[in-house]
Each structure stands twice: as C-alpha cells, then as structure tokens.
>>> print(open('model.cif').read())   # mmCIF, C-alpha atoms and all ligand atoms
data_coords
loop_
_atom_site.label_atom_id
_atom_site.label_comp_id
_atom_site.auth_asym_id
_atom_site.auth_seq_id
_atom_site.Cartn_x
_atom_site.Cartn_y
_atom_site.Cartn_z
CA MET Z 1 -45.59 109.83 62.11
CA ASN Z 2 -45.58 111.75 65.37
CA SER Z 3 -42.91 114.44 65.06
CA THR Z 4 -41.98 114.51 68.77
CA GLN Z 5 -40.87 110.87 68.76
CA THR Z 6 -37.31 110.14 67.64
CA TRP Z 7 -35.59 106.82 67.17
CA ASP Z 8 -32.08 105.97 68.27
CA PRO Z 9 -31.16 102.55 66.79
CA GLU Z 10 -28.81 101.69 69.66
CA ARG Z 11 -31.39 102.56 72.35
CA TYR Z 12 -34.08 100.77 70.34
CA ALA Z 13 -31.98 97.59 70.12
CA ARG Z 14 -31.32 97.72 73.88
CA ASN Z 15 -34.92 98.36 75.01
CA ALA Z 16 -37.17 97.15 72.21
CA ARG Z 17 -35.64 94.13 70.48
CA PHE Z 18 -38.73 92.21 71.62
CA VAL Z 19 -40.73 94.11 68.96
CA SER Z 20 -39.17 92.15 66.08
CA ASP Z 21 -38.62 89.02 68.22
CA LEU Z 22 -42.37 88.73 68.89
CA ALA Z 23 -43.45 89.17 65.27
CA GLY Z 24 -43.99 85.43 64.63
CA PRO Z 25 -47.81 85.56 64.50
CA VAL Z 26 -47.99 88.44 62.00
CA VAL Z 27 -45.27 86.88 59.82
CA GLU Z 28 -47.33 83.69 59.84
CA LEU Z 29 -50.37 85.69 58.71
CA LEU Z 30 -48.28 87.27 55.94
CA ASP Z 31 -47.30 83.79 54.73
CA PRO Z 32 -44.42 85.20 52.66
CA ARG Z 33 -43.53 83.35 49.49
CA ARG Z 34 -40.13 83.25 47.78
CA GLY Z 35 -39.84 85.88 45.04
CA GLU Z 36 -42.68 88.08 46.27
CA ARG Z 37 -42.02 91.82 46.29
CA ILE Z 38 -43.05 93.09 49.73
CA LEU Z 39 -43.08 96.56 51.28
CA ASP Z 40 -42.28 96.69 55.01
CA LEU Z 41 -44.10 99.81 56.19
CA GLY Z 42 -42.40 101.24 59.29
CA CYS Z 43 -39.44 98.88 59.01
CA GLY Z 44 -37.46 100.51 61.86
CA ASP Z 45 -33.91 99.18 62.04
CA GLY Z 46 -34.72 96.51 59.46
CA VAL Z 47 -34.05 93.44 61.61
CA LEU Z 48 -37.44 91.88 60.74
CA THR Z 49 -37.24 93.08 57.11
CA ALA Z 50 -33.92 91.24 56.81
CA LYS Z 51 -35.53 88.05 58.13
CA LEU Z 52 -38.17 88.29 55.38
CA ALA Z 53 -35.44 88.93 52.80
CA ALA Z 54 -33.65 85.80 54.06
CA MET Z 55 -36.88 83.86 53.33
CA GLY Z 56 -36.46 84.78 49.66
CA CYS Z 57 -38.68 87.87 49.44
CA GLU Z 58 -37.68 90.98 47.54
CA MET Z 59 -38.02 93.52 50.35
CA VAL Z 60 -38.30 97.29 50.37
CA GLY Z 61 -38.42 98.96 53.80
CA VAL Z 62 -39.68 102.45 54.53
CA ASP Z 63 -39.59 104.37 57.78
CA GLY Z 64 -39.94 107.99 58.86
CA SER Z 65 -36.72 107.86 60.89
CA GLY Z 66 -33.42 108.62 59.12
CA PRO Z 67 -31.27 106.92 61.80
CA GLN Z 68 -33.38 103.75 61.70
CA ILE Z 69 -33.17 103.65 57.90
CA GLU Z 70 -29.39 104.06 58.11
CA ALA Z 71 -29.30 101.05 60.46
CA ALA Z 72 -31.50 99.07 58.02
CA ARG Z 73 -29.20 99.92 55.10
CA LYS Z 74 -26.25 98.57 57.06
CA LEU Z 75 -28.06 95.20 56.89
CA GLY Z 76 -27.89 95.47 53.09
CA LEU Z 77 -31.57 96.32 52.67
CA ASP Z 78 -33.30 98.56 50.14
CA ALA Z 79 -34.53 100.96 52.84
CA ARG Z 80 -35.89 104.45 52.26
CA VAL Z 81 -36.93 107.35 54.47
CA MET Z 82 -40.63 107.89 53.76
CA ASP Z 83 -43.66 109.17 55.65
CA GLY Z 84 -46.13 106.30 56.03
CA GLU Z 85 -48.99 108.73 55.46
CA LYS Z 86 -47.50 109.76 52.10
CA LEU Z 87 -46.44 106.53 50.43
CA SER Z 88 -45.33 107.16 46.87
CA PHE Z 89 -45.54 103.67 45.30
CA ASP Z 90 -47.78 102.70 42.45
CA GLU Z 91 -48.96 99.08 42.02
CA GLU Z 92 -45.57 97.47 42.58
CA PHE Z 93 -45.96 95.16 45.60
CA ASP Z 94 -47.51 91.73 46.10
CA ALA Z 95 -47.94 92.57 49.78
CA VAL Z 96 -47.60 95.45 52.20
CA PHE Z 97 -46.52 94.27 55.63
CA SER Z 98 -46.29 96.24 58.86
CA ASN Z 99 -45.32 95.31 62.41
CA ALA Z 100 -45.74 97.66 65.39
CA ALA Z 101 -45.66 100.83 63.32
CA LEU Z 102 -49.19 101.80 62.25
CA HIS Z 103 -50.15 103.00 65.75
CA TRP Z 104 -47.65 105.85 65.30
CA MET Z 105 -49.51 107.09 62.19
CA ARG Z 106 -52.41 109.29 63.21
CA SER Z 107 -54.10 109.53 59.79
CA PRO Z 108 -55.06 105.93 59.08
CA GLU Z 109 -57.11 106.91 56.01
CA ALA Z 110 -53.98 108.38 54.37
CA VAL Z 111 -51.92 105.31 55.29
CA ILE Z 112 -54.49 102.84 53.96
CA ALA Z 113 -55.01 104.81 50.71
CA GLY Z 114 -51.22 104.79 50.13
CA VAL Z 115 -51.03 101.05 50.85
CA ARG Z 116 -53.80 100.36 48.35
CA ARG Z 117 -52.02 102.38 45.66
CA ALA Z 118 -48.78 100.52 46.40
CA LEU Z 119 -50.35 97.09 45.88
CA ARG Z 120 -50.64 95.14 42.66
CA ARG Z 121 -54.04 93.70 41.76
CA LYS Z 122 -55.02 91.10 44.35
CA GLY Z 123 -52.19 92.29 46.57
CA ARG Z 124 -52.55 91.90 50.33
CA PHE Z 125 -52.09 94.14 53.36
CA VAL Z 126 -51.03 92.26 56.49
CA ALA Z 127 -50.19 94.03 59.71
CA GLU Z 128 -50.00 94.12 63.46
CA LEU Z 129 -50.35 97.30 65.47
CA GLY Z 130 -51.30 98.32 68.96
CA GLY Z 131 -55.04 97.77 69.29
CA TYR Z 132 -57.74 99.32 71.46
CA GLY Z 133 -56.66 99.24 75.12
CA CYS Z 134 -52.96 98.75 74.33
CA VAL Z 135 -50.62 99.94 77.12
CA ALA Z 136 -53.69 101.40 78.87
CA LYS Z 137 -52.04 101.29 82.30
CA ILE Z 138 -48.81 102.87 81.05
CA LYS Z 139 -50.73 105.52 79.14
CA LYS Z 140 -52.85 106.41 82.18
CA ALA Z 141 -49.77 106.75 84.43
CA LEU Z 142 -48.06 109.01 81.84
CA VAL Z 143 -51.17 111.17 81.36
CA ASP Z 144 -51.93 111.43 85.09
CA ALA Z 145 -48.36 112.50 85.94
CA LEU Z 146 -48.48 115.26 83.31
CA ASN Z 147 -51.92 116.36 84.55
CA ARG Z 148 -50.53 116.61 88.08
CA ARG Z 149 -48.02 119.11 86.69
CA GLY Z 150 -50.83 121.27 85.29
CA LEU Z 151 -50.31 120.05 81.69
CA ASP Z 152 -52.79 118.42 79.31
CA GLY Z 153 -51.63 114.82 79.52
CA GLU Z 154 -54.16 113.50 76.99
CA ALA Z 155 -52.84 115.93 74.35
CA ALA Z 156 -49.42 114.27 74.61
CA VAL Z 157 -50.70 110.80 73.64
CA PRO Z 158 -49.03 110.00 70.30
CA TRP Z 159 -50.66 106.61 69.62
CA TYR Z 160 -53.63 105.42 67.60
CA PHE Z 161 -55.07 102.16 68.97
CA PRO Z 162 -58.19 101.28 66.95
CA THR Z 163 -60.91 98.74 67.59
CA VAL Z 164 -61.62 95.85 65.19
CA GLU Z 165 -64.80 97.60 64.03
CA GLU Z 166 -63.08 100.92 63.39
CA TYR Z 167 -60.13 99.51 61.43
CA SER Z 168 -62.30 97.05 59.46
CA ALA Z 169 -64.53 99.94 58.37
CA LEU Z 170 -61.52 101.98 57.23
CA LEU Z 171 -60.12 99.06 55.24
CA LYS Z 172 -63.45 98.35 53.53
CA LYS Z 173 -64.05 102.02 52.73
CA ALA Z 174 -60.63 102.15 51.03
CA GLY Z 175 -61.35 99.15 48.80
CA PHE Z 176 -60.04 96.20 50.78
CA SER Z 177 -61.79 92.99 51.69
CA VAL Z 178 -60.88 91.89 55.19
CA GLY Z 179 -59.83 88.25 55.56
CA TYR Z 180 -58.96 88.11 59.26
CA ILE Z 181 -58.95 90.73 61.98
CA ALA Z 182 -58.67 90.30 65.75
CA LEU Z 183 -57.71 92.10 68.91
CA VAL Z 184 -55.29 89.96 70.92
CA PRO Z 185 -54.07 90.78 74.45
CA ARG Z 186 -50.33 90.07 74.55
CA PRO Z 187 -48.73 90.85 77.93
CA THR Z 188 -45.14 91.63 76.98
CA PRO Z 189 -42.19 90.99 79.32
CA LEU Z 190 -39.78 93.92 79.33
CA PRO Z 191 -36.00 93.54 79.25
CA GLY Z 192 -35.57 95.63 82.44
CA ASP Z 193 -37.85 97.88 84.43
CA VAL Z 194 -40.29 100.20 82.62
CA THR Z 195 -37.75 103.06 82.51
CA GLY Z 196 -36.14 101.83 79.27
CA TRP Z 197 -39.58 101.47 77.69
CA LEU Z 198 -40.56 105.01 78.73
CA GLU Z 199 -37.31 106.47 77.41
CA THR Z 200 -37.73 104.63 74.11
CA PHE Z 201 -41.45 105.08 73.41
CA ALA Z 202 -42.78 107.97 75.52
CA GLU Z 203 -40.81 110.92 74.17
CA SER Z 204 -44.01 112.74 73.31
CA PHE Z 205 -44.77 112.94 77.05
CA LEU Z 206 -41.21 113.63 78.20
CA GLY Z 207 -40.88 116.37 75.59
CA ARG Z 208 -43.58 118.41 77.35
CA LEU Z 209 -41.24 118.92 80.29
CA PRO Z 210 -37.93 120.76 80.69
CA ALA Z 211 -35.03 118.28 80.49
CA ALA Z 212 -34.20 118.75 84.18
CA GLU Z 213 -37.71 117.61 85.24
CA ARG Z 214 -37.81 114.46 83.15
CA PRO Z 215 -35.97 112.05 85.50
CA ALA Z 216 -38.42 112.81 88.35
CA TYR Z 217 -41.38 112.40 85.97
CA VAL Z 218 -40.09 109.03 84.75
CA ALA Z 219 -39.48 107.88 88.34
CA GLU Z 220 -43.01 108.93 89.36
CA VAL Z 221 -44.58 107.07 86.41
CA ARG Z 222 -42.43 103.98 87.12
CA GLU Z 223 -43.51 103.91 90.78
CA ALA Z 224 -47.20 104.38 89.85
CA LEU Z 225 -46.85 101.36 87.54
CA ARG Z 226 -44.83 99.12 89.86
CA PRO Z 227 -47.89 97.60 91.64
CA LEU Z 228 -49.67 97.13 88.29
CA LEU Z 229 -46.93 95.66 86.08
CA VAL Z 230 -44.41 93.90 88.36
CA ASP Z 231 -44.85 90.24 89.37
CA ALA Z 232 -43.71 88.45 92.55
CA GLU Z 233 -40.24 87.84 91.05
CA GLY Z 234 -39.81 91.54 90.24
CA LYS Z 235 -40.30 91.05 86.45
CA TRP Z 236 -41.97 93.89 84.53
CA THR Z 237 -44.63 93.08 81.92
CA ALA Z 238 -46.25 95.70 79.68
CA ASP Z 239 -49.99 95.53 78.99
CA TYR Z 240 -49.85 95.19 75.20
CA VAL Z 241 -52.91 94.47 73.05
CA ARG Z 242 -52.33 93.72 69.37
CA LEU Z 243 -54.62 94.29 66.41
CA ARG Z 244 -53.73 91.83 63.64
CA PHE Z 245 -55.33 91.65 60.23
CA THR Z 246 -55.10 90.46 56.66
CA ALA Z 247 -56.89 92.31 53.88
CA SER Z 248 -56.77 92.07 50.10
CA ARG Z 249 -57.13 94.71 47.47
CA SER Z 250 -60.66 94.25 46.16
CA ILE Z 251 -61.30 94.27 42.49
CA VAL Z 252 -63.41 97.40 42.22
CA GLY Z 253 -64.42 98.56 38.74
CA ASN Z 254 -62.00 95.95 37.34
CA VAL Z 255 -58.86 97.83 38.47
C1 LIG Y 1 -46.96 98.73 70.57
O1 LIG Y 1 -46.18 98.12 69.85
O2 LIG Y 1 -48.11 98.35 70.77
C2 LIG Y 1 -46.54 99.98 71.20
C3 LIG Y 1 -45.25 100.41 71.12
C4 LIG Y 1 -44.90 101.58 71.68
C5 LIG Y 1 -45.82 102.34 72.30
C6 LIG Y 1 -47.10 101.93 72.39
C7 LIG Y 1 -47.46 100.73 71.83
#
>>> encode(input="model.cif", output="structure tokens")
Amino acid sequence: MNSTQTWDPERYARNARFVSDLAGPVVELLDPRRGERILDLGCGDGVLTAKLAAMGCEMVGVDGSGPQIEAARKLGLDARVMDGEKLSFDEEFDAVFSNAALHWMRSPEAVIAGVRRALRRKGRFVAELGGYGCVAKIKKALVDALNRRGLDGEAAVPWYFPTVEEYSALLKKAGFSVGYIALVPRPTPLPGDVTGWLETFAESFLGRLPAAERPAYVAEVREALRPLLVDAEGKWTADYVRLRFTASRSIVGNV
C-alpha cells in the first residue's frame, strides 16, 4: 500500500460511497455461493464485504488501514489489518475477491503470490481495479500542477493501472489460468465537484506541499479539470477505466 495515503472512514463514506455501490459487475463475476469462504482483499470500511456476508458467504476482510478496519469491525465482520503485499494465509479460501484496491498496491507480483497461497486448490481470484488509462485526466492535472511548482509530479503518482496484457502475464506466471479479463471504461459521476475526490484519493500529491499551499493547489487542479469533466448541467464525472478479471489457481505439479 502507498504509505502517504490515509483513509478516514467518515470522509470516505461522504466522497467515495460510489466505490462499493458500483461493484455490481465484479460481484457478478465472483458469483458468490452460500457457505464459501472468501477473502476480501482491500476491504476498506467493509460495506461491500458485509453485502457478501449477507449473501451467505463466510467473509474475511483485510486492509492496510487501521481506521477502515475498525469501521469494518463495527459491521460485525472478521476484519484484519494486513498489508496486501504480505498476505499471510495458507490455502484457506475458496475465492479471493478485490474491488478498487489492487491499484494501490505497487508490487503486483507480491500481491498475486500471496493470493495464490491463500487459495485452496481450484480456488479463484476475482477482482476489479483501475486499469490502464484510469483517471488519466485527473492524474495529468495533478502532475502538471506539481510540476509547475518545481516538483516531480510523476514521482507522486501512487497508482498502478495495468493493461490486460501486463496483468494477464503476471497472473499466468504466478500459476493462475485466466478465465476472463477486460479493460472497461466506466465514466463515474461524482457526488459533488472533484474537490472531495482529490481530498480523498490524492493525498500522495497533496502531501508534497506544505499544508498552507494545498487549498490553492486543489483549486488549480479543479479549475484545470472543469472543462474536461463537467457537463452542461454542471455535473462532475471522473474518467474511470476498470480492469476486471477472473482467474483460477492452476493445478501445477498436482498441488
Ligand atoms: C479507482 O478506483 O480506479 C481509483 C480510485 C482512486 C484513485 C484512482 C483510481
């Protein structure tokens, strides 16, 4: 997980509830069955994990954020603070599921190896993350505004947005067979203007600046994005692209 990003459950609920609300397609790909033991990798505040639990699955949620895990526990979930790049499970899950979390993990090989270890034989890995080109306009505005201040904007980018080819190759190399994988543009309406989004998801950029300079930076980025992301009615829409996939643990050497 990127160490400069923090998660405040209250701010997240206010600005990013759409993340769990828009998870229908990846839940459909997961096709959860009653009684299955499923790991939710990067479970955040647990709202989606709780929906899967309500469908009869035995859920365990892990997340790198202590405050988010506290929020998930308040929903009655088995939720644990754990680094997604250092999963410590051994062949105990029928499926590993992840929604909108893997793009925060910059060592995908470590994540995928941990997922494979966590899965029982024939277990499946089903996930959605930001894919290649995700939030490209927002990212460019953030980077450009840091560059204009004499900083290295690109070095502040905390996200990993892979292509289909790149992620398929990583999955296969780690001993998965890929069932489905696709890059899907998903323009995402925001609950307000882009300010809430920037304050929730762009801490890595804001953290490069003294606190007193951040409001002007956010305002500059917002105004650069206004002509690109606002429609005739004044509604903001973020330029999301999703990478969705299903993969199963291959039987290699009969293990
Ligand atoms: C995403 O879900 O694709 C996303 C979330 C926050 C920042 C960037 C991308």
>>> residues_around(input="model.cif", residues="stretch 234-244 of chain Z", least_positions_apart="4", cutoff="9 Å", atoms="only C-alpha atoms", output="MDAnalysis selection string")
chainID Z and resid 25:26 29 100 126:138 161:164 180:194 226 229:230
>>> closest_residue(input="model.cif", among="Z:Leu77, Z:Ala110, Z:Val115, Z:Leu198", to="Z:Asp90", atoms="only C-alpha atoms")
Z:Val115
>>> atom_distance(input="model.cif", atom1="atom CA of Z:Ala113", atom2="atom CA of Z:Met59")
20.4 Å
>>> residues_around(input="model.cif", residues="Z:Glu85", least_positions_apart="2", cutoff="10 Å", atoms="only C-alpha atoms", output="list in words")
Met1, Gly64, Met82, Asp83, Leu87, Ser88, Leu102, Met105, Arg106, Ser107, Pro108, Glu109, Ala110, Val111, Ile112, Ala113, Gly114 and Val115 of chain Z
>>> residues_around(input="model.cif", residues="Z:Phe205", least_positions_apart="3", cutoff="12 Å", atoms="all atoms listed in the file", output="VMD selection string")
chain Z and resid 2 4 to 5 138 to 147 149 151 to 159 198 to 202 208 to 211 213 to 214 217 to 218 221
>>> residues_around(input="model.cif", residues="stretch 8-23 of chain Z", least_positions_apart="3", cutoff="6 Å", atoms="only C-alpha atoms", output="VMD selection string")
chain Z and resid 26 48 68 196
>>> axis_aligned_box(input="model.cif", around="stretch 188-203 of chain Z", padding_each_side="8 Å", output="AutoDock Vina command-line options")
--center_x -40.4 --center_y 101.0 --center_z 78.9 --size_x 25.6 --size_y 35.9 --size_z 27.0
>>> atom_distance(input="model.cif", atom1="atom CA of Z:Gly175", atom2="atom CA of Z:Ala79")
27.2 Å
>>> decode(input="model.cif", residues="stretch 185-233 of chain Z", atoms="C-alpha atoms", output="mmCIF file, in the first residue's frame")
data_model
loop_
_atom_site.group_PDB
_atom_site.id
_atom_site.type_symbol
_atom_site.label_atom_id
_atom_site.label_comp_id
_atom_site.auth_asym_id
_atom_site.auth_seq_id
_atom_site.Cartn_x
_atom_site.Cartn_y
_atom_site.Cartn_z
ATOM 1 C CA PRO Z 185 -14.180 2.481 -19.488
ATOM 2 C CA ARG Z 186 -16.606 3.472 -16.728
ATOM 3 C CA PRO Z 187 -17.188 7.244 -16.509
ATOM 4 C CA THR Z 188 -18.099 7.723 -12.858
ATOM 5 C CA PRO Z 189 -20.410 10.516 -11.648
ATOM 6 C CA LEU Z 190 -19.031 12.193 -8.531
ATOM 7 C CA PRO Z 191 -21.162 13.143 -5.531
ATOM 8 C CA GLY Z 192 -20.017 16.796 -5.693
ATOM 9 C CA ASP Z 193 -17.257 18.610 -7.515
ATOM 10 C CA VAL Z 194 -13.826 16.984 -7.874
ATOM 11 C CA THR Z 195 -12.557 18.560 -4.629
ATOM 12 C CA GLY Z 196 -13.930 15.744 -2.437
ATOM 13 C CA TRP Z 197 -12.354 13.171 -4.756
ATOM 14 C CA LEU Z 198 -8.968 14.930 -4.621
ATOM 15 C CA GLU Z 199 -9.080 15.190 -0.829
ATOM 16 C CA THR Z 200 -9.999 11.511 -0.522
ATOM 17 C CA PHE Z 201 -7.725 9.900 -3.122
ATOM 18 C CA ALA Z 202 -4.885 12.309 -3.968
ATOM 19 C CA GLU Z 203 -3.088 12.629 -0.642
ATOM 20 C CA SER Z 204 0.148 11.459 -2.213
ATOM 21 C CA PHE Z 205 0.151 14.660 -4.311
ATOM 22 C CA LEU Z 206 -1.129 16.989 -1.585
ATOM 23 C CA GLY Z 207 1.460 15.612 0.831
ATOM 24 C CA ARG Z 208 4.273 17.027 -1.332
ATOM 25 C CA LEU Z 209 3.167 20.539 -0.426
ATOM 26 C CA PRO Z 210 3.114 22.480 2.845
ATOM 27 C CA ALA Z 211 -0.400 22.394 4.351
ATOM 28 C CA ALA Z 212 -0.921 26.111 3.688
ATOM 29 C CA GLU Z 213 -0.372 25.638 -0.080
ATOM 30 C CA ARG Z 214 -2.753 22.732 -0.525
ATOM 31 C CA PRO Z 215 -6.058 24.636 -0.917
ATOM 32 C CA ALA Z 216 -4.632 26.701 -3.817
ATOM 33 C CA TYR Z 217 -3.223 23.537 -5.422
ATOM 34 C CA VAL Z 218 -6.586 21.754 -5.166
ATOM 35 C CA ALA Z 219 -8.391 24.805 -6.601
ATOM 36 C CA GLU Z 220 -5.933 24.981 -9.519
ATOM 37 C CA VAL Z 221 -6.365 21.268 -10.312
ATOM 38 C CA ARG Z 222 -10.167 21.581 -10.035
ATOM 39 C CA GLU Z 223 -10.236 24.520 -12.464
ATOM 40 C CA ALA Z 224 -7.924 22.708 -14.935
ATOM 41 C CA LEU Z 225 -10.374 19.779 -14.866
ATOM 42 C CA ARG Z 226 -13.609 21.772 -15.036
ATOM 43 C CA PRO Z 227 -13.718 21.960 -18.882
ATOM 44 C CA LEU Z 228 -12.784 18.257 -19.140
ATOM 45 C CA LEU Z 229 -15.059 16.641 -16.538
ATOM 46 C CA VAL Z 230 -18.118 18.896 -16.099
ATOM 47 C CA ASP Z 231 -21.220 18.507 -18.291
ATOM 48 C CA ALA Z 232 -23.771 21.143 -19.375
ATOM 49 C CA GLU Z 233 -25.749 20.654 -16.131
#
